[in-house]
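J.: My structure file entry-v3.txt, compact mmCIF, C-alpha atoms, is below:
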# COMPACT_ATOMS: atom_id res chain seq x y z
CA GLN J 1 0.00 0.00 0.00
CA GLN J 2 1.48 3.29 -1.12
CA GLN J 3 0.95 5.62 1.79
CA VAL J 4 2.22 8.70 -0.01
CA LYS J 5 1.16 9.15 -3.62
CA GLN J 6 3.07 11.59 -5.80
CA SER J 7 2.40 13.03 -9.24
CA PRO J 8 3.43 13.62 -11.91
CA GLN J 9 6.09 10.98 -12.44
CA SER J 10 8.00 13.34 -14.69
CA LEU J 11 7.76 17.00 -15.51
CA ILE J 12 9.31 19.26 -18.12
CA VAL J 13 9.22 22.99 -17.47
CA GLN J 14 10.75 25.87 -19.33
CA LYS J 15 13.26 28.09 -17.60
CA GLY J 16 11.46 30.76 -15.62
CA GLY J 17 8.28 28.74 -15.34
CA ILE J 18 6.59 27.28 -12.29
CA SER J 19 7.09 23.62 -11.43
CA ILE J 20 4.29 22.02 -9.44
CA ILE J 21 4.46 18.60 -7.83
CA ASN J 22 1.55 17.13 -5.91
CA CYS J 23 1.33 14.59 -3.14
CA ALA J 24 -1.45 12.95 -1.21
CA TYR J 25 -1.32 10.88 1.94
CA GLU J 26 -3.65 8.53 3.75
CA ASN J 27 -2.33 8.18 7.26
CA THR J 28 -3.68 10.96 9.46
CA ALA J 29 -0.95 10.22 12.00
CA PHE J 30 1.61 11.88 9.74
CA ASP J 31 2.66 15.16 11.29
CA TYR J 32 5.69 16.25 9.31
CA PHE J 33 5.95 16.64 5.55
CA PRO J 34 9.43 17.17 4.08
CA TRP J 35 10.45 17.50 0.45
CA TYR J 36 13.75 16.12 -0.78
CA GLN J 37 15.80 16.88 -3.85
CA GLN J 38 17.98 14.16 -5.32
CA PHE J 39 20.56 14.50 -8.06
CA PRO J 40 21.74 11.41 -9.98
CA GLY J 41 24.15 9.29 -7.96
CA LYS J 42 23.57 11.31 -4.80
CA GLY J 43 21.53 10.90 -1.67
CA PRO J 44 18.42 13.01 -1.13
CA ALA J 45 18.84 16.44 0.41
CA LEU J 46 16.19 18.08 2.55
CA LEU J 47 14.70 21.01 0.64
CA ILE J 48 11.83 22.31 2.72
CA ALA J 49 9.34 20.89 5.20
CA ILE J 50 6.00 21.76 6.71
CA ARG J 51 3.82 20.77 9.63
CA PRO J 52 0.04 20.32 9.29
CA ASP J 53 -0.79 23.33 11.42
CA VAL J 54 0.50 25.60 8.66
CA SER J 55 -1.13 25.95 5.24
CA GLU J 56 1.86 27.36 3.42
CA LYS J 57 5.59 27.71 3.84
CA LYS J 58 7.93 29.58 1.57
CA GLU J 59 11.69 29.46 1.38
CA GLY J 60 13.18 31.38 -1.49
CA ARG J 61 11.76 30.03 -4.74
CA PHE J 62 10.29 26.96 -3.04
CA THR J 63 6.81 26.94 -1.53
CA ILE J 64 4.86 24.14 0.10
CA SER J 65 1.07 24.36 0.12
CA PHE J 66 -0.72 22.12 2.57
CA ASN J 67 -4.40 21.13 2.66
CA LYS J 68 -5.02 19.14 5.80
CA SER J 69 -8.69 18.37 5.13
CA ALA J 70 -7.89 16.99 1.69
CA LYS J 71 -4.71 15.30 2.93
CA GLN J 72 -2.77 16.83 0.09
CA PHE J 73 0.34 18.93 -0.19
CA SER J 74 2.31 20.33 -3.06
CA LEU J 75 5.66 21.84 -3.93
CA HIS J 76 5.86 24.91 -6.13
CA ILE J 77 9.18 25.94 -7.62
CA MET J 78 8.99 29.49 -8.88
CA ASP J 79 11.26 30.81 -11.64
CA SER J 80 12.49 27.28 -12.34
CA GLN J 81 16.11 27.02 -13.40
CA PRO J 82 18.07 24.30 -15.26
CA GLY J 83 19.96 23.70 -12.01
CA ASP J 84 16.67 22.63 -10.44
CA SER J 85 16.60 19.60 -12.72
CA ALA J 86 16.55 16.67 -10.32
CA THR J 87 14.22 14.10 -8.83
CA TYR J 88 11.96 15.42 -6.09
CA PHE J 89 10.46 13.28 -3.39
CA CYS J 90 7.70 14.27 -1.06
CA ALA J 91 7.61 12.44 2.22
CA ALA J 92 5.63 12.11 5.39
CA ALA J 93 6.68 11.27 8.90
CA SER J 94 5.15 10.67 12.26
CA GLY J 95 6.23 9.90 15.77
CA GLY J 96 8.85 12.58 16.01
CA TYR J 97 10.29 12.14 12.55
CA GLN J 98 11.54 8.67 13.34
CA LYS J 99 10.22 7.01 10.25
CA VAL J 100 9.90 8.73 6.89
CA THR J 101 7.69 7.40 4.13
CA PHE J 102 8.67 8.60 0.70
CA GLY J 103 6.54 9.32 -2.32
CA THR J 104 7.35 7.75 -5.66
CA GLY J 105 9.35 10.70 -6.94
CA THR J 106 9.05 13.25 -9.73
CA LYS J 107 11.80 13.73 -12.25
CA LEU J 108 11.93 17.41 -13.11
CA GLN J 109 13.67 18.71 -16.18
CA VAL J 110 13.97 22.44 -16.67
CA ILE J 111 14.83 23.32 -20.23
CA PRO J 112 16.47 26.59 -21.27
CA GLY T 1 25.13 21.77 8.32
CA ALA T 2 24.97 18.13 9.32
CA VAL T 3 27.11 15.90 7.13
CA VAL T 4 26.73 12.19 6.62
CA SER T 5 29.52 10.36 4.85
CA GLN T 6 28.95 7.01 3.20
CA HIS T 7 31.71 4.73 1.98
CA PRO T 8 32.37 3.28 -0.49
CA SER T 9 30.44 5.17 -3.13
CA ARG T 10 30.56 2.25 -5.53
CA VAL T 11 31.26 -1.46 -5.23
CA ILE T 12 31.48 -4.07 -7.94
CA CYS T 13 32.05 -7.63 -6.80
CA LYS T 14 31.41 -11.23 -7.61
CA SER T 15 28.38 -13.18 -6.52
CA GLY T 16 28.83 -14.75 -3.10
CA THR T 17 30.97 -11.95 -1.74
CA SER T 18 30.02 -10.10 1.44
CA VAL T 19 30.11 -6.34 1.20
CA LYS T 20 30.33 -3.83 4.03
CA ILE T 21 29.08 -0.27 3.69
CA GLU T 22 29.94 2.40 6.25
CA CYS T 23 27.85 5.37 7.25
CA ARG T 24 29.36 8.10 9.39
CA SER T 25 27.95 11.26 10.87
CA LEU T 26 30.83 13.71 10.67
CA ASP T 27 29.73 16.64 12.78
CA PHE T 28 26.98 15.36 15.01
CA GLN T 29 26.12 12.36 17.11
CA ALA T 30 23.61 10.13 15.40
CA THR T 31 21.32 8.52 17.90
CA THR T 32 19.43 6.84 15.09
CA MET T 33 20.58 5.70 11.68
CA PHE T 34 18.47 4.43 8.84
CA TRP T 35 19.29 2.26 5.86
CA TYR T 36 17.39 2.56 2.59
CA ARG T 37 17.46 0.78 -0.70
CA GLN T 38 16.61 2.46 -3.97
CA PHE T 39 16.11 0.71 -7.29
CA PRO T 40 16.54 2.69 -10.53
CA LYS T 41 13.85 5.30 -11.02
CA GLN T 42 12.10 4.24 -7.86
CA SER T 43 11.61 5.66 -4.42
CA LEU T 44 13.61 4.98 -1.30
CA MET T 45 12.47 1.97 0.65
CA LEU T 46 13.38 1.80 4.32
CA MET T 47 15.22 -1.39 5.17
CA ALA T 48 16.00 -0.94 8.83
CA THR T 49 16.37 1.50 11.68
CA SER T 50 19.20 1.28 14.15
CA ASN T 51 19.78 2.98 17.45
CA GLU T 52 23.25 3.17 18.90
CA GLY T 53 24.05 0.18 21.06
CA SER T 54 20.93 -1.80 20.29
CA LYS T 55 19.77 -4.23 17.65
CA ALA T 56 18.39 -2.87 14.43
CA THR T 57 14.70 -2.96 13.66
CA TYR T 58 14.07 -4.38 10.22
CA GLU T 59 11.14 -3.60 7.96
CA GLN T 60 8.84 -6.35 6.85
CA GLY T 61 10.36 -8.43 4.10
CA VAL T 62 13.97 -7.48 4.81
CA GLU T 63 16.12 -10.44 5.80
CA LYS T 64 18.08 -9.54 8.92
CA ASP T 65 20.56 -12.37 8.34
CA LYS T 66 21.18 -11.13 4.84
CA PHE T 67 21.58 -7.47 5.72
CA LEU T 68 23.58 -7.19 8.91
CA ILE T 69 23.49 -3.81 10.59
CA ASN T 70 25.81 -2.66 13.32
CA HIS T 71 25.52 0.69 15.06
CA ALA T 72 28.42 0.46 17.48
CA SER T 73 28.97 4.15 18.08
CA LEU T 74 27.13 7.44 17.84
CA THR T 75 28.93 8.29 14.62
CA LEU T 76 29.15 4.99 12.77
CA SER T 77 26.75 2.42 11.41
CA THR T 78 27.60 -0.37 9.01
CA LEU T 79 25.51 -2.44 6.65
CA THR T 80 26.93 -5.77 5.54
CA VAL T 81 25.31 -7.51 2.61
CA THR T 82 26.21 -11.14 3.19
CA SER T 83 26.76 -13.56 0.31
CA ALA T 84 25.55 -10.97 -2.17
CA HIS T 85 23.82 -12.06 -5.35
CA PRO T 86 22.89 -10.11 -8.51
CA GLU T 87 19.41 -9.38 -7.16
CA ASP T 88 21.05 -7.46 -4.30
CA SER T 89 22.43 -4.96 -6.79
CA SER T 90 20.96 -1.61 -5.87
CA PHE T 91 21.66 1.85 -4.53
CA TYR T 92 21.96 1.75 -0.75
CA ILE T 93 21.56 4.99 1.17
CA CYS T 94 21.99 5.68 4.84
CA SER T 95 20.67 8.55 6.87
CA ALA T 96 21.35 9.75 10.36
CA ARG T 97 19.30 11.59 12.90
CA GLY T 98 20.68 13.05 16.05
CA GLY T 99 20.22 15.43 18.87
CA ALA T 100 17.63 15.72 21.54
CA GLY T 101 13.97 16.25 20.85
CA SER T 102 11.61 14.76 18.34
CA ASN T 103 12.04 17.27 15.54
CA GLN T 104 15.47 16.38 14.28
CA PRO T 105 15.43 15.67 10.54
CA GLN T 106 17.27 12.86 8.82
CA HIS T 107 20.44 13.75 6.96
CA PHE T 108 21.34 11.49 4.07
CA GLY T 109 24.61 10.14 2.77
CA ASP T 110 25.41 10.09 -0.92
CA GLY T 111 24.67 6.41 -1.29
CA THR T 112 26.57 3.32 -2.34
CA ARG T 113 26.03 1.80 -5.76
CA LEU T 114 26.36 -1.97 -5.32
CA SER T 115 26.75 -4.10 -8.42
CA ILE T 116 26.99 -7.87 -8.07
CA LEU T 117 28.28 -9.73 -11.09
Here is a file; write its structure as structure tokens.
T.:
Amino acid sequence: QQQVKQSPQSLIVQKGGISIINCAYENTAFDYFPWYQQFPGKGPALLIAIRPDVSEKKEGRFTISFNKSAKQFSLHIMDSQPGDSATYFCAAASGGYQKVTFGTGTKLQVIP
Amino acid sequence: GAVVSQHPSRVICKSGTSVKIECRSLDFQATTMFWYRQFPKQSLMLMATSNEGSKATYEQGVEKDKFLINHASLTLSTLTVTSAHPEDSSFYICSARGGAGSNQPQHFGDGTRLSIL
């Protein structure tokens, strides 16, 4: 059972555009929702995270929108750049961030 | 920032060989370390969680005798793939979590690409 569903599987965006990745979860016990960025051959790096008591969090060009009632959250990358090309994973955690469940990943390609 | 070092980055070996992968937290004490496996173009799947000085907790379907985990110190955990076979070929990634309190994030290593011939 996939506890965190992520879409789209792949995404192509032009430079300067907005990249949007969506995730949905089922387990209401999740209380921490991080996003990770992974480049080929590297481990994932924490990008930004949000807790369910906040509906939006912004850090630079990256924004998380959170809809607790719908159990959905999304990542928006504003002014997308070729250097943003990577695989993005949403995730969900509970119990003090002990165990993280990852989404299926979105491969983002930003073209010049 | 917190740095997790994983070694080696790549291993190629013959079937039947045992392979040890090290995961070190360089600038913090990792009370908990996690081991993940990632197949090409797929997500990270948690294999096991280890707390310093205690036995690892394995996820369902992960053979504990096949994947030996040792977390002997607050800065080092090792994963040994015993008698590796081609189906064990994968990208193995560790992460470490440290500090007091429940809100400490996991910091990931750069992974180990294991190829069994």
J.: Specify as a PDB file with C-alpha atoms, in the frame of the given file all residues of chain T found within 12 Å of chain J, counting all atoms listed in the file.
T.:
ATOM      1  CA  GLY T   1      25.130  21.770   8.320  1.00  0.00           C
ATOM      2  CA  ALA T   2      24.970  18.130   9.320  1.00  0.00           C
ATOM      3  CA  VAL T   3      27.110  15.900   7.130  1.00  0.00           C
ATOM      4  CA  VAL T   4      26.730  12.190   6.620  1.00  0.00           C
ATOM      5  CA  SER T   5      29.520  10.360   4.850  1.00  0.00           C
ATOM      6  CA  GLN T   6      28.950   7.010   3.200  1.00  0.00           C
ATOM      7  CA  SER T   9      30.440   5.170  -3.130  1.00  0.00           C
ATOM      8  CA  ARG T  10      30.560   2.250  -5.530  1.00  0.00           C
ATOM      9  CA  THR T  31      21.320   8.520  17.900  1.00  0.00           C
ATOM     10  CA  THR T  32      19.430   6.840  15.090  1.00  0.00           C
ATOM     11  CA  MET T  33      20.580   5.700  11.680  1.00  0.00           C
ATOM     12  CA  PHE T  34      18.470   4.430   8.840  1.00  0.00           C
ATOM     13  CA  TRP T  35      19.290   2.260   5.860  1.00  0.00           C
ATOM     14  CA  TYR T  36      17.390   2.560   2.590  1.00  0.00           C
ATOM     15  CA  ARG T  37      17.460   0.780  -0.700  1.00  0.00           C
ATOM     16  CA  GLN T  38      16.610   2.460  -3.970  1.00  0.00           C
ATOM     17  CA  PHE T  39      16.110   0.710  -7.290  1.00  0.00           C
ATOM     18  CA  PRO T  40      16.540   2.690 -10.530  1.00  0.00           C
ATOM     19  CA  LYS T  41      13.850   5.300 -11.020  1.00  0.00           C
ATOM     20  CA  GLN T  42      12.100   4.240  -7.860  1.00  0.00           C
ATOM     21  CA  SER T  43      11.610   5.660  -4.420  1.00  0.00           C
ATOM     22  CA  LEU T  44      13.610   4.980  -1.300  1.00  0.00           C
ATOM     23  CA  MET T  45      12.470   1.970   0.650  1.00  0.00           C
ATOM     24  CA  LEU T  46      13.380   1.800   4.320  1.00  0.00           C
ATOM     25  CA  MET T  47      15.220  -1.390   5.170  1.00  0.00           C
ATOM     26  CA  ALA T  48      16.000  -0.940   8.830  1.00  0.00           C
ATOM     27  CA  THR T  49      16.370   1.500  11.680  1.00  0.00           C
ATOM     28  CA  SER T  50      19.200   1.280  14.150  1.00  0.00           C
ATOM     29  CA  ASN T  51      19.780   2.980  17.450  1.00  0.00           C
ATOM     30  CA  THR T  57      14.700  -2.960  13.660  1.00  0.00           C
ATOM     31  CA  GLU T  59      11.140  -3.600   7.960  1.00  0.00           C
ATOM     32  CA  SER T  90      20.960  -1.610  -5.870  1.00  0.00           C
ATOM     33  CA  PHE T  91      21.660   1.850  -4.530  1.00  0.00           C
ATOM     34  CA  TYR T  92      21.960   1.750  -0.750  1.00  0.00           C
ATOM     35  CA  ILE T  93      21.560   4.990   1.170  1.00  0.00           C
ATOM     36  CA  CYS T  94      21.990   5.680   4.840  1.00  0.00           C
ATOM     37  CA  SER T  95      20.670   8.550   6.870  1.00  0.00           C
ATOM     38  CA  ALA T  96      21.350   9.750  10.360  1.00  0.00           C
ATOM     39  CA  ARG T  97      19.300  11.590  12.900  1.00  0.00           C
ATOM     40  CA  GLY T  98      20.680  13.050  16.050  1.00  0.00           C
ATOM     41  CA  ALA T 100      17.630  15.720  21.540  1.00  0.00           C
ATOM     42  CA  GLY T 101      13.970  16.250  20.850  1.00  0.00           C
ATOM     43  CA  SER T 102      11.610  14.760  18.340  1.00  0.00           C
ATOM     44  CA  ASN T 103      12.040  17.270  15.540  1.00  0.00           C
ATOM     45  CA  GLN T 104      15.470  16.380  14.280  1.00  0.00           C
ATOM     46  CA  PRO T 105      15.430  15.670  10.540  1.00  0.00           C
ATOM     47  CA  GLN T 106      17.270  12.860   8.820  1.00  0.00           C
ATOM     48  CA  HIS T 107      20.440  13.750   6.960  1.00  0.00           C
ATOM     49  CA  PHE T 108      21.340  11.490   4.070  1.00  0.00           C
ATOM     50  CA  GLY T 109      24.610  10.140   2.770  1.00  0.00           C
ATOM     51  CA  ASP T 110      25.410  10.090  -0.920  1.00  0.00           C
ATOM     52  CA  GLY T 111      24.670   6.410  -1.290  1.00  0.00           C
ATOM     53  CA  THR T 112      26.570   3.320  -2.340  1.00  0.00           C
ATOM     54  CA  ARG T 113      26.030   1.800  -5.760  1.00  0.00           C
ATOM     55  CA  LEU T 114      26.360  -1.970  -5.320  1.00  0.00           C
TER      56      LEU T 114
END
J.: Would you list the contacts of J:Glu56 as a PDB file with C-alpha atoms, in the coordinates of the input, taking every protein, DNA or RNA residue within 9 Å and counting only C-alpha atoms, but skipping same-chain residues closer than 5 positions in sequence?
T.:
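File produced: part.pdb:
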ATOM      1  CA  ILE J  50       6.000  21.760   6.710  1.00  0.00           C
ATOM      2  CA  THR J  63       6.810  26.940  -1.530  1.00  0.00           C
ATOM      3  CA  ILE J  64       4.860  24.140   0.100  1.00  0.00           C
ATOM      4  CA  SER J  65       1.070  24.360   0.120  1.00  0.00           C
ATOM      5  CA  PHE J  66      -0.720  22.120   2.570  1.00  0.00           C
ATOM      6  CA  ASN J  67      -4.400  21.130   2.660  1.00  0.00           C
TER       7      ASN J  67
END
J.: Atom CA of J:Ser85 and atom CA of J:Val13, how far apart in Å?
T.: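 Spanning atom CA of J:Val13 to atom CA of J:Ser85 is a straight-line distance of 9.4 Å.
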J.: Name the closest residue to T:Cys23 among the candidates T:His85, T:Lys55, T:His71, T:Lys64; distances are taken between atoms, counting only C-alpha atoms.
T.: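 That would be T:His71, the residue with the smallest distance to T:Cys23.
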J.: Report, in Å with one decimal, the straight-line distance from atom CA of J:Thr28 to atom CA of T:Tyr58.
T.: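 Going from atom CA of J:Thr28 over to atom CA of T:Tyr58, I get 23.5 Å.
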J.: Leaving out T:Ser89 and any residue of its chain fewer than 2 positions from it, which residues lie within 6 Å of it when counting all atoms listed in the file, given as a count of residues only?
T.: 5
J.: Point out the residue among J:Ala86, J:Leu108, J:Val4, J:Ile48 with the least atom-to-atom distance to J:Glu26, counting only C-alpha atoms.
T.: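 Selected residue with least distance to J:Glu26: J:Val4.
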J.: Work out how far atom CA of T:Val62 is from atom CA of T:Leu26, in Å to one decimal.
T.: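 Atom-to-atom, atom CA of T:Leu26 to atom CA of T:Val62, that is 27.7 Å.
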